[in-house]
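This is protein16.cif. It holds mmCIF, C-alpha atoms (C1' of nucleotides).
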```
data_entry
#
loop_
_atom_site.label_atom_id
_atom_site.label_comp_id
_atom_site.auth_asym_id
_atom_site.auth_seq_id
_atom_site.Cartn_x
_atom_site.Cartn_y
_atom_site.Cartn_z
CA MET T 176 -26.55 -63.65 -47.21
CA VAL T 177 -26.33 -67.38 -47.78
CA GLU T 178 -24.54 -67.14 -51.12
CA LYS T 179 -22.31 -64.39 -49.82
CA SER T 180 -21.31 -66.36 -46.78
CA HIS T 181 -20.19 -69.17 -49.05
CA ASN T 182 -16.69 -67.82 -49.59
CA PHE T 183 -16.44 -66.98 -45.95
CA ILE T 184 -17.17 -70.53 -44.81
CA ASN T 185 -14.93 -71.86 -47.55
CA PHE T 186 -12.10 -69.69 -46.37
CA ILE T 187 -12.31 -71.08 -42.86
CA ASN T 188 -12.78 -74.58 -44.21
CA ASN T 189 -9.48 -74.21 -45.98
CA TYR T 190 -7.71 -74.21 -42.64
CA VAL T 191 -9.99 -76.37 -40.48
CA ALA T 192 -12.69 -78.81 -41.60
CA LEU T 193 -16.11 -77.63 -40.42
CA THR T 194 -19.14 -79.84 -39.83
CA GLU T 195 -22.56 -78.71 -41.00
CA GLU T 196 -23.47 -78.02 -37.40
CA GLU T 197 -20.41 -75.82 -36.93
CA ARG T 198 -21.17 -73.83 -40.08
CA LYS T 199 -24.60 -73.06 -38.72
CA ILE T 200 -23.25 -71.93 -35.37
CA ILE T 201 -20.69 -69.67 -37.01
CA LEU T 202 -23.22 -68.15 -39.40
CA SER T 203 -25.63 -67.52 -36.53
CA LYS T 204 -23.03 -65.27 -34.90
CA VAL T 205 -21.90 -63.16 -37.84
CA SER T 206 -23.61 -60.45 -39.85
CA LEU T 207 -23.18 -58.86 -43.25
CA ARG T 208 -22.49 -55.17 -43.47
CA LYS T 209 -22.07 -52.88 -46.46
CA TYR T 210 -19.86 -49.82 -46.61
CA LEU T 211 -19.50 -47.21 -49.32
CA LYS T 212 -16.19 -46.13 -50.77
CA GLY T 213 -14.60 -43.68 -48.36
CA GLN T 214 -16.41 -44.95 -45.26
CA TYR T 215 -14.47 -45.93 -42.17
CA VAL T 216 -14.75 -49.39 -40.65
CA VAL T 217 -12.59 -48.29 -37.73
CA GLN T 218 -11.29 -44.85 -36.81
CA GLN T 219 -8.04 -44.11 -34.99
CA GLY T 220 -8.97 -43.61 -31.32
CA ASP T 221 -12.13 -45.74 -31.43
CA VAL T 222 -12.30 -49.28 -30.13
CA CYS T 223 -12.56 -51.87 -32.90
CA ARG T 224 -15.59 -53.92 -31.89
CA TYR T 225 -15.76 -56.18 -34.93
CA SER T 226 -13.38 -58.39 -36.76
CA GLY T 227 -14.34 -59.08 -40.32
CA PHE T 228 -13.97 -60.98 -43.54
CA ILE T 229 -14.18 -59.13 -46.86
CA ILE T 230 -16.81 -60.49 -49.25
CA SER T 231 -16.20 -57.81 -51.86
CA GLY T 232 -14.27 -54.56 -52.05
CA CYS T 233 -11.05 -53.31 -50.59
CA THR T 234 -9.81 -51.50 -47.48
CA ARG T 235 -6.67 -49.74 -46.38
CA THR T 236 -5.40 -49.67 -42.80
CA PHE T 237 -3.43 -46.52 -42.08
CA TYR T 238 -1.86 -44.52 -39.31
CA VAL T 239 -1.88 -40.73 -39.15
CA ASP T 240 1.27 -39.50 -37.45
CA ASP T 241 1.83 -36.37 -35.37
CA ASP T 242 2.61 -34.35 -38.49
CA GLY T 243 -0.67 -35.41 -40.09
CA GLU T 244 1.05 -37.74 -42.55
CA GLU T 245 -0.78 -40.93 -43.50
CA HIS T 246 1.10 -44.25 -43.47
CA ILE T 247 -0.63 -47.26 -44.93
CA VAL T 248 0.20 -50.45 -43.06
CA MET T 249 -1.91 -52.84 -45.10
CA PHE T 250 -4.44 -53.30 -47.84
CA SER T 251 -7.14 -55.98 -47.59
CA ILE T 252 -9.23 -57.36 -50.42
CA GLU T 253 -12.01 -59.92 -50.78
CA ASN T 254 -11.53 -63.36 -49.33
CA TRP T 255 -9.21 -62.16 -46.64
CA TRP T 256 -9.54 -61.34 -43.01
CA ALA T 257 -9.60 -57.65 -42.25
CA SER T 258 -9.43 -56.39 -38.71
CA GLU T 259 -7.57 -53.92 -36.59
CA ILE T 260 -6.34 -56.82 -34.49
CA GLY T 261 -4.50 -54.77 -31.87
CA SER T 262 -7.60 -52.86 -30.89
CA PHE T 263 -9.95 -55.79 -31.39
CA VAL T 264 -8.14 -58.19 -29.08
CA SER T 265 -7.40 -55.63 -26.39
CA GLN T 266 -10.63 -53.63 -26.81
CA LYS T 267 -8.53 -50.52 -26.45
CA PRO T 268 -8.58 -47.49 -28.79
CA SER T 269 -7.20 -48.23 -32.23
CA ASP T 270 -3.93 -46.78 -33.46
CA TYR T 271 -5.15 -47.10 -37.03
CA ASN T 272 -7.95 -46.16 -39.40
CA VAL T 273 -9.52 -48.80 -41.59
CA GLN T 274 -11.15 -47.15 -44.59
CA CYS T 275 -12.92 -48.61 -47.61
CA ILE T 276 -11.30 -47.62 -50.88
CA GLU T 277 -14.09 -49.32 -52.84
CA ASP T 278 -17.67 -50.14 -51.92
CA THR T 279 -17.13 -53.05 -49.54
CA GLU T 280 -19.15 -55.89 -48.03
CA LEU T 281 -17.90 -57.37 -44.80
CA ILE T 282 -18.94 -60.33 -42.73
CA GLN T 283 -18.48 -59.14 -39.19
CA LEU T 284 -18.05 -60.84 -35.84
CA LEU T 285 -18.70 -58.85 -32.69
CA PHE T 286 -15.97 -59.04 -30.04
CA GLU T 287 -18.39 -60.22 -27.35
CA ASP T 288 -19.55 -63.05 -29.60
CA GLN T 289 -16.07 -64.24 -30.44
CA GLU T 290 -15.37 -65.91 -27.09
CA GLU T 291 -18.71 -67.70 -27.21
CA LEU T 292 -17.92 -68.84 -30.68
CA PHE T 293 -14.55 -70.19 -29.57
CA LYS T 294 -16.35 -72.20 -26.90
CA ALA T 295 -18.92 -73.55 -29.33
CA VAL T 296 -16.41 -74.21 -32.13
CA PRO T 297 -12.97 -74.66 -30.55
CA LYS T 298 -11.30 -75.37 -33.86
CA LEU T 299 -11.68 -71.67 -34.66
CA GLU T 300 -8.82 -71.09 -32.25
CA ARG T 301 -6.75 -73.16 -34.62
CA PHE T 302 -8.08 -71.28 -37.62
CA PHE T 303 -7.04 -67.94 -36.18
CA ARG T 304 -3.70 -69.31 -35.08
CA LEU T 305 -3.01 -70.38 -38.63
CA ILE T 306 -3.97 -67.12 -40.29
CA LEU T 307 -2.04 -65.15 -37.68
CA GLU T 308 1.04 -67.23 -38.45
CA GLN T 309 0.73 -66.20 -42.07
CA ALA T 310 0.11 -62.58 -41.22
CA PHE T 311 3.06 -62.43 -38.87
CA VAL T 312 5.42 -64.03 -41.37
CA ALA T 313 4.31 -61.56 -44.05
CA SER T 314 4.81 -58.65 -41.67
CA GLN T 315 8.36 -59.74 -40.79
CA LYS T 316 9.13 -60.13 -44.44
CA ARG T 317 7.98 -56.61 -45.10
CA ILE T 318 10.31 -55.26 -42.42
CA VAL T 319 13.25 -57.05 -44.01
CA SER T 320 12.36 -55.76 -47.46
CA SER T 321 12.11 -52.21 -46.28
CA PHE T 322 15.62 -52.47 -44.81
CA SER T 323 17.36 -54.47 -47.50
CA LEU T 324 15.82 -53.30 -50.78
CA SER T 325 15.90 -49.97 -52.59
CA ALA T 326 12.58 -48.23 -53.11
CA LYS T 327 12.53 -49.42 -56.70
CA ASP T 328 13.11 -53.06 -55.75
CA GLN T 329 10.45 -52.83 -53.06
CA TYR T 330 8.03 -51.52 -55.64
CA ILE T 331 8.86 -54.34 -58.06
CA GLN T 332 8.42 -56.89 -55.29
CA PHE T 333 5.08 -55.36 -54.36
CA THR T 334 3.76 -55.55 -57.92
CA LYS T 335 4.85 -59.19 -58.14
CA GLN T 336 3.44 -60.15 -54.78
CA TYR T 337 0.13 -58.33 -55.05
CA PRO T 338 -0.61 -57.74 -58.75
CA GLU T 339 -4.38 -57.55 -58.18
CA ILE T 340 -4.02 -54.98 -55.44
CA GLU T 341 -1.67 -52.82 -57.46
CA LYS T 342 -4.21 -52.59 -60.28
CA ARG T 343 -7.03 -51.45 -58.03
CA ILE T 344 -5.29 -48.90 -55.89
CA PRO T 345 -4.24 -45.34 -56.64
CA GLN T 346 -0.53 -44.96 -57.01
CA TYR T 347 -0.17 -42.48 -54.18
CA MET T 348 -1.48 -45.14 -51.79
CA VAL T 349 1.05 -47.64 -53.05
CA ALA T 350 3.71 -45.03 -52.33
CA SER T 351 2.38 -44.58 -48.81
CA TYR T 352 2.43 -48.34 -48.29
CA LEU T 353 6.04 -48.49 -49.45
CA GLY T 354 7.01 -45.61 -47.20
CA ILE T 355 8.02 -43.26 -50.02
CA THR T 356 6.50 -40.11 -51.51
CA LYS T 357 4.17 -40.22 -54.48
CA GLU T 358 6.60 -38.03 -56.42
CA PHE T 359 9.43 -40.47 -55.89
CA LEU T 360 7.30 -43.46 -56.87
CA SER T 361 6.37 -41.63 -60.04
CA LYS T 362 10.05 -41.04 -60.74
CA ILE T 363 10.90 -44.69 -60.11
CA LYS T 364 8.26 -45.84 -62.55
CA ASN T 365 9.24 -43.42 -65.31
CA THR T 366 13.02 -43.49 -65.17
CA ASN T 367 15.64 -46.15 -65.86
CA LEU T 368 17.68 -46.92 -62.75
CA MET C 150 15.00 -79.55 -15.87
CA VAL C 151 12.08 -79.36 -13.47
CA GLU C 152 13.04 -76.00 -11.99
CA LYS C 153 13.97 -74.67 -15.39
CA SER C 154 10.66 -75.67 -16.90
CA HIS C 155 8.89 -73.71 -14.19
CA ASN C 156 8.99 -70.39 -16.04
CA PHE C 157 8.04 -72.13 -19.22
CA ILE C 158 4.87 -73.63 -17.76
CA ASN C 159 4.13 -70.36 -16.01
CA PHE C 160 4.41 -68.50 -19.26
CA ILE C 161 1.83 -70.71 -20.93
CA ASN C 162 -0.32 -70.63 -17.83
CA ASN C 163 -0.45 -66.90 -18.15
CA TYR C 164 -2.50 -67.26 -21.30
CA VAL C 165 -4.41 -70.51 -20.67
CA ALA C 166 -4.97 -72.33 -17.36
CA LEU C 167 -3.28 -75.74 -17.41
CA THR C 168 -4.24 -78.74 -15.33
CA GLU C 169 -1.57 -80.84 -13.66
CA GLU C 170 -2.21 -83.53 -16.25
CA GLU C 171 -1.70 -81.08 -19.10
CA ARG C 172 1.57 -79.82 -17.65
CA LYS C 173 2.86 -83.36 -17.57
CA ILE C 174 1.89 -84.02 -21.16
CA ILE C 175 3.54 -80.81 -22.32
CA LEU C 176 6.73 -81.48 -20.38
CA SER C 177 6.90 -85.01 -21.76
CA LYS C 178 7.12 -83.56 -25.28
CA VAL C 179 9.74 -80.84 -24.81
CA SER C 180 13.45 -80.96 -24.15
CA LEU C 181 16.06 -78.60 -22.79
CA ARG C 182 18.97 -77.62 -24.97
CA LYS C 183 21.98 -75.45 -24.28
CA TYR C 184 23.80 -73.29 -26.82
CA LEU C 185 26.98 -71.30 -26.46
CA LYS C 186 27.31 -67.67 -27.42
CA GLY C 187 27.74 -67.49 -31.17
CA GLN C 188 26.03 -70.80 -31.95
CA TYR C 189 23.18 -70.97 -34.43
CA VAL C 190 19.77 -72.32 -33.48
CA VAL C 191 18.65 -72.03 -37.11
CA GLN C 192 20.64 -71.20 -40.23
CA GLN C 193 19.31 -69.46 -43.31
CA GLY C 194 18.48 -72.20 -45.80
CA ASP C 195 17.90 -74.93 -43.22
CA VAL C 196 14.47 -76.05 -42.10
CA CYS C 197 13.62 -74.95 -38.57
CA ARG C 198 12.58 -78.18 -36.88
CA TYR C 199 12.06 -76.81 -33.38
CA SER C 200 10.15 -73.99 -31.86
CA GLY C 201 11.46 -72.89 -28.51
CA PHE C 202 11.11 -70.95 -25.31
CA ILE C 203 14.13 -69.14 -23.87
CA ILE C 204 14.99 -70.13 -20.28
CA SER C 205 18.08 -67.96 -20.17
CA GLY C 206 20.16 -66.01 -22.65
CA CYS C 207 19.43 -64.04 -25.76
CA THR C 208 19.16 -64.59 -29.53
CA ARG C 209 19.02 -62.46 -32.62
CA THR C 210 17.08 -63.37 -35.75
CA PHE C 211 18.66 -61.88 -38.84
CA TYR C 212 18.57 -61.94 -42.60
CA VAL C 213 21.65 -61.77 -44.82
CA ASP C 214 20.80 -60.00 -48.05
CA ASP C 215 22.30 -60.43 -51.50
CA ASP C 216 25.03 -57.89 -50.71
CA GLY C 217 26.01 -59.82 -47.59
CA GLU C 218 24.51 -57.21 -45.27
CA GLU C 219 22.93 -58.45 -42.05
CA HIS C 220 19.50 -57.17 -41.04
CA ILE C 221 18.26 -58.05 -37.57
CA VAL C 222 14.52 -58.63 -37.50
CA MET C 223 14.16 -59.44 -33.83
CA PHE C 224 15.86 -60.08 -30.54
CA SER C 225 14.52 -62.66 -28.10
CA ILE C 226 15.34 -62.94 -24.41
CA GLU C 227 14.38 -65.26 -21.56
CA ASN C 228 10.73 -65.90 -20.91
CA TRP C 229 9.73 -65.37 -24.48
CA TRP C 230 8.98 -67.60 -27.39
CA ALA C 231 11.76 -67.79 -29.94
CA SER C 232 11.23 -69.49 -33.24
CA GLU C 233 11.69 -68.93 -36.91
CA ILE C 234 7.95 -69.27 -37.36
CA GLY C 235 7.87 -69.03 -41.13
CA SER C 236 10.15 -72.01 -41.58
CA PHE C 237 8.79 -73.92 -38.60
CA VAL C 238 5.15 -73.85 -39.69
CA SER C 239 5.86 -74.54 -43.36
CA GLN C 240 8.86 -76.84 -42.78
CA LYS C 241 10.53 -75.06 -45.66
CA PRO C 242 14.05 -73.56 -45.63
CA SER C 243 14.40 -70.59 -43.35
CA ASP C 244 14.94 -67.07 -44.66
CA TYR C 245 16.65 -66.14 -41.42
CA ASN C 246 19.44 -67.09 -39.05
CA VAL C 247 18.78 -67.39 -35.34
CA GLN C 248 22.01 -66.98 -33.42
CA CYS C 249 22.73 -66.89 -29.68
CA ILE C 250 24.36 -63.65 -28.58
CA GLU C 251 24.79 -65.02 -25.06
CA ASP C 252 25.00 -68.58 -23.75
CA THR C 253 21.39 -69.65 -24.06
CA GLU C 254 19.12 -72.39 -22.72
CA LEU C 255 16.05 -73.25 -24.75
CA ILE C 256 13.08 -75.48 -24.14
CA GLN C 257 12.39 -76.96 -27.54
CA LEU C 258 9.41 -78.58 -29.18
CA LEU C 259 9.95 -80.72 -32.26
CA PHE C 260 7.68 -79.92 -35.21
CA GLU C 261 6.43 -83.51 -35.45
CA ASP C 262 5.44 -83.44 -31.79
CA GLN C 263 3.57 -80.18 -32.02
CA GLU C 264 0.52 -81.57 -33.79
CA GLU C 265 0.27 -84.42 -31.29
CA LEU C 266 0.52 -81.93 -28.49
CA PHE C 267 -2.28 -79.85 -29.99
CA LYS C 268 -4.44 -82.97 -30.02
CA ALA C 269 -3.61 -83.88 -26.45
CA VAL C 270 -3.86 -80.30 -25.14
CA PRO C 271 -6.14 -78.34 -27.48
CA LYS C 272 -5.93 -75.17 -25.43
CA LEU C 273 -2.38 -74.78 -26.73
CA GLU C 274 -3.95 -73.68 -30.01
CA ARG C 275 -5.40 -70.81 -28.04
CA PHE C 276 -2.08 -70.12 -26.36
CA PHE C 277 -0.29 -69.80 -29.67
CA ARG C 278 -3.11 -67.73 -31.14
CA LEU C 279 -2.73 -65.27 -28.29
CA ILE C 280 1.02 -64.91 -28.49
CA LEU C 281 0.85 -64.59 -32.26
CA GLU C 282 -1.66 -61.78 -31.88
CA GLN C 283 0.85 -59.95 -29.72
CA ALA C 284 3.72 -60.67 -32.06
CA PHE C 285 1.77 -59.49 -35.10
CA VAL C 286 0.65 -56.27 -33.44
CA ALA C 287 4.25 -55.53 -32.39
CA SER C 288 5.45 -56.20 -35.91
CA GLN C 289 2.90 -53.83 -37.47
CA LYS C 290 3.85 -51.19 -34.96
CA ARG C 291 7.47 -51.51 -35.94
CA ILE C 292 6.59 -50.96 -39.61
CA VAL C 293 4.73 -47.77 -38.74
CA SER C 294 7.58 -46.51 -36.58
CA SER C 295 10.12 -47.10 -39.29
CA PHE C 296 8.01 -45.02 -41.69
CA SER C 297 6.88 -42.23 -39.42
CA LEU C 298 9.80 -41.62 -37.05
CA SER C 299 13.30 -40.27 -37.62
CA ALA C 300 16.15 -42.63 -36.79
CA LYS C 301 16.71 -40.77 -33.53
CA ASP C 302 13.11 -41.11 -32.45
CA GLN C 303 13.10 -44.78 -33.38
CA TYR C 304 16.16 -45.26 -31.23
CA ILE C 305 14.56 -43.45 -28.30
CA GLN C 306 11.41 -45.54 -28.68
CA PHE C 307 13.50 -48.71 -28.76
CA THR C 308 15.32 -47.86 -25.55
CA LYS C 309 12.03 -47.13 -23.82
CA GLN C 310 10.30 -50.23 -25.11
CA TYR C 311 13.14 -52.68 -24.53
CA PRO C 312 15.45 -51.20 -21.89
CA GLU C 313 16.74 -54.64 -20.81
CA ILE C 314 17.57 -55.65 -24.35
CA GLU C 315 19.39 -52.42 -25.10
CA LYS C 316 21.70 -52.97 -22.13
CA ARG C 317 22.69 -56.47 -23.17
CA ILE C 318 23.25 -56.01 -26.86
CA PRO C 319 26.14 -54.44 -28.75
CA GLN C 320 25.26 -51.11 -30.25
CA TYR C 321 25.97 -52.18 -33.81
CA MET C 322 23.24 -54.79 -33.50
CA VAL C 323 20.80 -52.19 -32.29
CA ALA C 324 21.69 -50.16 -35.38
CA SER C 325 21.05 -53.18 -37.57
CA TYR C 326 17.68 -53.74 -35.89
CA LEU C 327 16.75 -50.09 -36.50
CA GLY C 328 17.83 -50.30 -40.11
CA ILE C 329 20.61 -47.71 -39.84
CA THR C 330 24.40 -47.91 -39.87
CA LYS C 331 26.42 -48.22 -36.69
CA GLU C 332 28.17 -44.96 -37.53
CA PHE C 333 24.92 -43.08 -37.74
CA LEU C 334 23.62 -44.56 -34.48
CA SER C 335 26.83 -43.45 -32.82
CA LYS C 336 26.30 -39.94 -34.18
CA ILE C 337 22.68 -39.87 -32.99
CA LYS C 338 23.73 -40.81 -29.48
CA ASN C 339 26.57 -38.31 -29.25
CA THR C 340 25.10 -35.23 -30.89
CA ASN C 341 22.26 -32.89 -30.03
CA LEU C 342 19.56 -32.93 -32.71
"C1'" DT A 128 50.76 -58.50 -19.09
"C1'" DT A 129 50.88 -58.04 -23.84
"C1'" DT A 130 48.55 -58.87 -28.07
"C1'" DT A 131 44.65 -59.25 -30.83
"C1'" DA A 132 40.10 -58.79 -31.87
"C1'" DA A 133 35.66 -56.61 -31.26
"C1'" DA A 134 33.10 -52.57 -30.55
"C1'" DG A 135 32.50 -47.68 -30.82
"C1'" DT A 136 33.69 -42.79 -32.49
"C1'" DT A 137 34.63 -38.96 -35.59
"C1'" DA A 138 34.69 -36.50 -39.78
"C1'" DA A 139 34.63 -35.74 -44.91
"C1'" DT A 140 32.12 -36.84 -48.79
"C1'" DA A 141 28.33 -39.00 -51.40
"C1'" DT A 142 23.45 -40.33 -52.41
"C1'" DA A 143 18.65 -42.02 -52.11
"C1'" DG A 144 14.79 -40.09 -51.42
"C1'" DA A 145 12.09 -35.72 -49.49
"C1'" DT A 146 10.27 -31.21 -50.37
"C1'" DT A 147 8.27 -27.68 -52.99
"C1'" DA A 148 5.89 -26.07 -56.61
"C1'" DA A 149 4.06 -25.85 -61.14
"C1'" DC A 150 1.76 -28.35 -64.49
"C1'" DC A 151 -0.77 -32.18 -66.83
"C1'" DT A 152 -4.36 -35.93 -67.11
"C1'" DT A 153 -8.22 -38.51 -65.76
"C1'" DT A 154 -12.38 -39.11 -63.30
"C1'" DT A 155 -16.38 -37.42 -61.02
"C1'" DT A 156 -19.87 -34.10 -60.29
"C1'" DT A 157 -22.93 -30.62 -61.77
"C1'" DA B 203 -20.30 -30.31 -71.85
"C1'" DA B 204 -18.15 -27.62 -68.37
"C1'" DA B 205 -16.26 -27.32 -63.94
"C1'" DA B 206 -14.20 -29.30 -60.11
"C1'" DA B 207 -11.75 -32.69 -57.82
"C1'" DA B 208 -8.55 -36.42 -57.66
"C1'" DG B 209 -4.60 -38.48 -59.29
"C1'" DG B 210 -0.10 -38.30 -61.60
"C1'" DT B 211 4.27 -36.06 -63.57
"C1'" DT B 212 8.45 -33.28 -63.84
"C1'" DA B 213 12.27 -30.69 -62.23
"C1'" DA B 214 15.06 -27.91 -58.95
"C1'" DT B 215 16.69 -27.91 -54.51
"C1'" DC B 216 17.41 -29.83 -49.95
"C1'" DT B 217 18.37 -33.28 -46.16
"C1'" DA B 218 18.70 -37.47 -43.51
"C1'" DT B 219 21.35 -41.10 -43.66
"C1'" DA B 220 25.07 -43.99 -46.11
"C1'" DT B 221 29.86 -44.68 -47.24
"C1'" DT B 222 34.62 -44.61 -46.48
"C1'" DA B 223 38.35 -44.45 -43.76
"C1'" DA B 224 41.19 -43.44 -39.88
"C1'" DC B 225 41.27 -43.54 -35.02
"C1'" DT B 226 40.05 -44.81 -29.97
"C1'" DT B 227 38.32 -47.71 -26.42
"C1'" DT B 228 37.03 -52.01 -24.39
"C1'" DA B 229 37.10 -56.86 -23.95
"C1'" DA B 230 38.99 -61.36 -24.90
"C1'" DA B 231 42.79 -64.36 -25.78
"C1'" DA B 232 47.48 -65.73 -25.63
#
```

Would you encode the structure as structure tokens?
Amino acid sequence: MVEKSHNFINFINNYVALTEEERKIILSKVSLRKYLKGQYVVQQGDVCRYSGFIISGCTRTFYVDDDGEEHIVMFSIENWWASEIGSFVSQKPSDYNVQCIEDTELIQLLFEDQEELFKAVPKLERFFRLILEQAFVASQKRIVSSFSLSAKDQYIQFTKQYPEIEKRIPQYMVASYLGITKEFLSKIKNTNL
Amino acid sequence: MVEKSHNFINFINNYVALTEEERKIILSKVSLRKYLKGQYVVQQGDVCRYSGFIISGCTRTFYVDDDGEEHIVMFSIENWWASEIGSFVSQKPSDYNVQCIEDTELIQLLFEDQEELFKAVPKLERFFRLILEQAFVASQKRIVSSFSLSAKDQYIQFTKQYPEIEKRIPQYMVASYLGITKEFLSKIKNTNL
DNA sequence: TTTTAAAGTTAATATAGATTAACCTTTTTT
DNA sequence: AAAAAAGGTTAATCTATATTAACTTTAAAA
């Protein structure tokens, strides 16, 4: 656990400088959990009780619509925060599934412990503010891309922005993330223009 | 200024309880600014130096793509935070324009003053964390809607979610926000199915 | 009050991307 | 090594939405 929590503490430290005391408090509140490929961290309809940081592995967050179609809203890989924030902060049923697409290790923080942790280490409020700023900006950017770029240009942008993710993820999931069919993505990749 | 700042302080107070002292500190750092309909609060390419709260009026945040097409990413109305966050937090040139679509009064906070304010009133970190959570969740939801709903259903959802906004805004801007042409929105509204 | 500009409508035609369905390839399981 | 499952490709046809362009209505300016 100690070695594995190293990246986790480092990640936070990147945004706010932690004292040794604060590291200990944080680590006392979190736990490591392993999931196998295919397992669900959160299921649509359930309340998301944990927020988490990915030590290793990869997840997808997706929505299943009324027609049973899956729509991937985000991928998360190691050294990034992964949580179904909407459900976590409201403690209401999740609109999304979070599923591991590789064996995945997560450092998890229970909702009930988060408030205590904010009291003990107030600078974590700042930490979460900063990563939410980033997440929000990225989300807005994705909306603009989906409205202003052709499917092909969106795909090119995706491969440039997330080359590591693109390598690890089946193509049909990339298509779902881009909001196009797997057939059309295949066509885009194998045709000029 | 005092009466006008009332809603502003109330808004923050809704998320974190402020002492009288804290109110004073906050108010000492912000200023009121008036814009006329059509004026720009931020222009694409400029650095956004202020974040702001709308006292009255309405703005649109939009992106102009390489073909000169405008894409509206958000509307903001009174009693909500309005800022080009990406540019504000990074102090890099903005990707978006923020333009007033009515005469608008803003309470503004200069970037340089924000850090000082966080030091003086640390619970503002929490305040911004909480509103960013909301903003991020709303943004994710919009991505899902744009992928899983027909244009008509997106329009219906928009009118239900933001009835006040829909009344105040020209229809062609609603179309731009939904990512469809004004002609098609007109057709949707005036045709069955 | 007339003129001009801005916003909204209608309809014909065009297209990016969806659907369906058959087939191929790679990976996993037995 | 064979069978099964998962992932990917190709091609024909279909559809939601875009484009173009002419016209109408409403609001703002002169």

Determine the axis-aligned bounding box of all atoms of segment 138-156 of chain A present in the file, pad each side by 4 Å, and express its centre and edge lengths in Å to one decimal place as AutoDock Vina command-line options.
```
--center_x 7.4 --center_y -33.9 --center_z -53.4 --size_x 62.6 --size_y 24.2 --size_z 35.3
```

Q) Applied to the shown file, which residues does the PyMOL selection byres ((chain C) within 10 of (chain A)) return, written as a PyMOL selection string? A) chain C and resi 319-321+331-332+335-336+339

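The coordinates place atom CA of Gln193 of chain C at 28.4 Å from atom CA of Ile161 of chain C.
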
Q | Residue among C:Tyr184, C:Trp230, C:Phe202, C:Phe211 lying closest to chain T, counting all atoms listed in the file | A |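 Smallest separation from chain T among the options: C:Phe211.
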
Q. Which residues fall under the PyMOL selection byres ((chain C and resi 245) around 7) in this file, as a list in words?
A.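 With the shown file as input, the PyMOL selection byres ((chain C and resi 245) around 7) matches Gln192, Gln193, Thr210, Phe211, Tyr212, Ser243, Asp244, Asn246 and Val247 of chain C.
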
Q. Just how far from atom CA of Ala350 of chain T is atom CA of Thr334 of chain T, in Å to one decimal?
A.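 Computing the Euclidean distance for atom CA of Thr334 of chain T and atom CA of Ala350 of chain T yields 11.9 Å.
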
Q: To one decimal in Å, tell me the separation between atom CA of Lys183 of chain C and atom CA of Phe237 of chain C.
A: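 Computing the Euclidean distance for atom CA of Lys183 of chain C and atom CA of Phe237 of chain C yields 19.5 Å.
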
Q: Give as a list in words each residue that has an atom at most 8 Å from (-6.5, -77.8, -21.5) in the file, counting only C-alpha atoms (C1' of nucleotides).
A: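 The answer, in the requested form, is Val165, Ala166, Leu167, Thr168, Glu171, Val270, Pro271, Lys272 and Leu273 of chain C.
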
Q) Written as a list in words, what is the full residue list that the PyMOL selection byres ((chain T and resi 265) around 12) yields on the file shown? A) Val222, Cys223, Arg224, Tyr225, Glu259, Ile260, Gly261, Ser262, Phe263, Val264, Gln266, Lys267, Pro268, Ser269, Asp270, Phe286 and Glu287 of chain T; Leu279, Glu282, Gln283 and Val286 of chain C

Once you count all atoms listed in the file, what closest atom pair and distance in Å to one decimal does each residue of chain C within 10 Å of chain B have, with rows by chain and rising residue number, as JSON lines?
```
{"residue": "C:Ser299", "atom": "CA", "partner": "B:DA218", "partner_atom": "C1'", "distance": 8.5}
{"residue": "C:Ala300", "atom": "CA", "partner": "B:DT219", "partner_atom": "C1'", "distance": 8.8}
{"residue": "C:Ile329", "atom": "CA", "partner": "B:DT219", "partner_atom": "C1'", "distance": 7.7}
{"residue": "C:Thr330", "atom": "CA", "partner": "B:DA220", "partner_atom": "C1'", "distance": 7.4}
{"residue": "C:Glu332", "atom": "CA", "partner": "B:DA220", "partner_atom": "C1'", "distance": 9.2}
{"residue": "C:Phe333", "atom": "CA", "partner": "B:DT219", "partner_atom": "C1'", "distance": 7.2}
```

Would you write out those residues with C-alpha atoms, as a PDB file, keeping the file's coordinate frame?
```
ATOM      1  CA  SER C 299      13.300 -40.270 -37.620  1.00  0.00           C
ATOM      2  CA  ALA C 300      16.150 -42.630 -36.790  1.00  0.00           C
ATOM      3  CA  ILE C 329      20.610 -47.710 -39.840  1.00  0.00           C
ATOM      4  CA  THR C 330      24.400 -47.910 -39.870  1.00  0.00           C
ATOM      5  CA  GLU C 332      28.170 -44.960 -37.530  1.00  0.00           C
ATOM      6  CA  PHE C 333      24.920 -43.080 -37.740  1.00  0.00           C
TER       7      PHE C 333
END
```

Select from chain C every residue with an atom at most 7 Å from any atom of chain T, then for each give the shortest pair of atoms and their distance in Å to one decimal, using all atoms listed in the file, rows by chain and rising number, as a Markdown table.
```
| residue | atom | partner | partner_atom | distance |
| --- | --- | --- | --- | --- |
| C:Asp214 | CA | T:Ser323 | CA | 6.5 |
| C:His220 | CA | T:Val319 | CA | 6.9 |
| C:Val222 | CA | T:Val319 | CA | 6.8 |
| C:Gly235 | CA | T:Val312 | CA | 5.6 |
| C:Glu274 | CA | T:Arg301 | CA | 5.4 |
| C:Arg275 | CA | T:Glu300 | CA | 5.4 |
| C:Phe277 | CA | T:Arg304 | CA | 6.4 |
| C:Arg278 | CA | T:Arg304 | CA | 4.3 |
| C:Leu281 | CA | T:Leu307 | CA | 6.2 |
| C:Glu282 | CA | T:Leu307 | CA | 6.7 |
| C:Phe285 | CA | T:Phe311 | CA | 5.0 |
| C:Val286 | CA | T:Gly261 | CA | 5.6 |
| C:Ser288 | CA | T:Ser314 | CA | 6.3 |
| C:Gln289 | CA | T:Ser314 | CA | 6.7 |
| C:Ile292 | CA | T:Ile318 | CA | 6.3 |
| C:Val293 | CA | T:Val248 | CA | 6.8 |
| C:Phe296 | CA | T:Gly354 | CA | 5.6 |
| C:Ser297 | CA | T:Asp240 | CA | 6.5 |
| C:Gly328 | CA | T:Phe322 | CA | 5.6 |
```
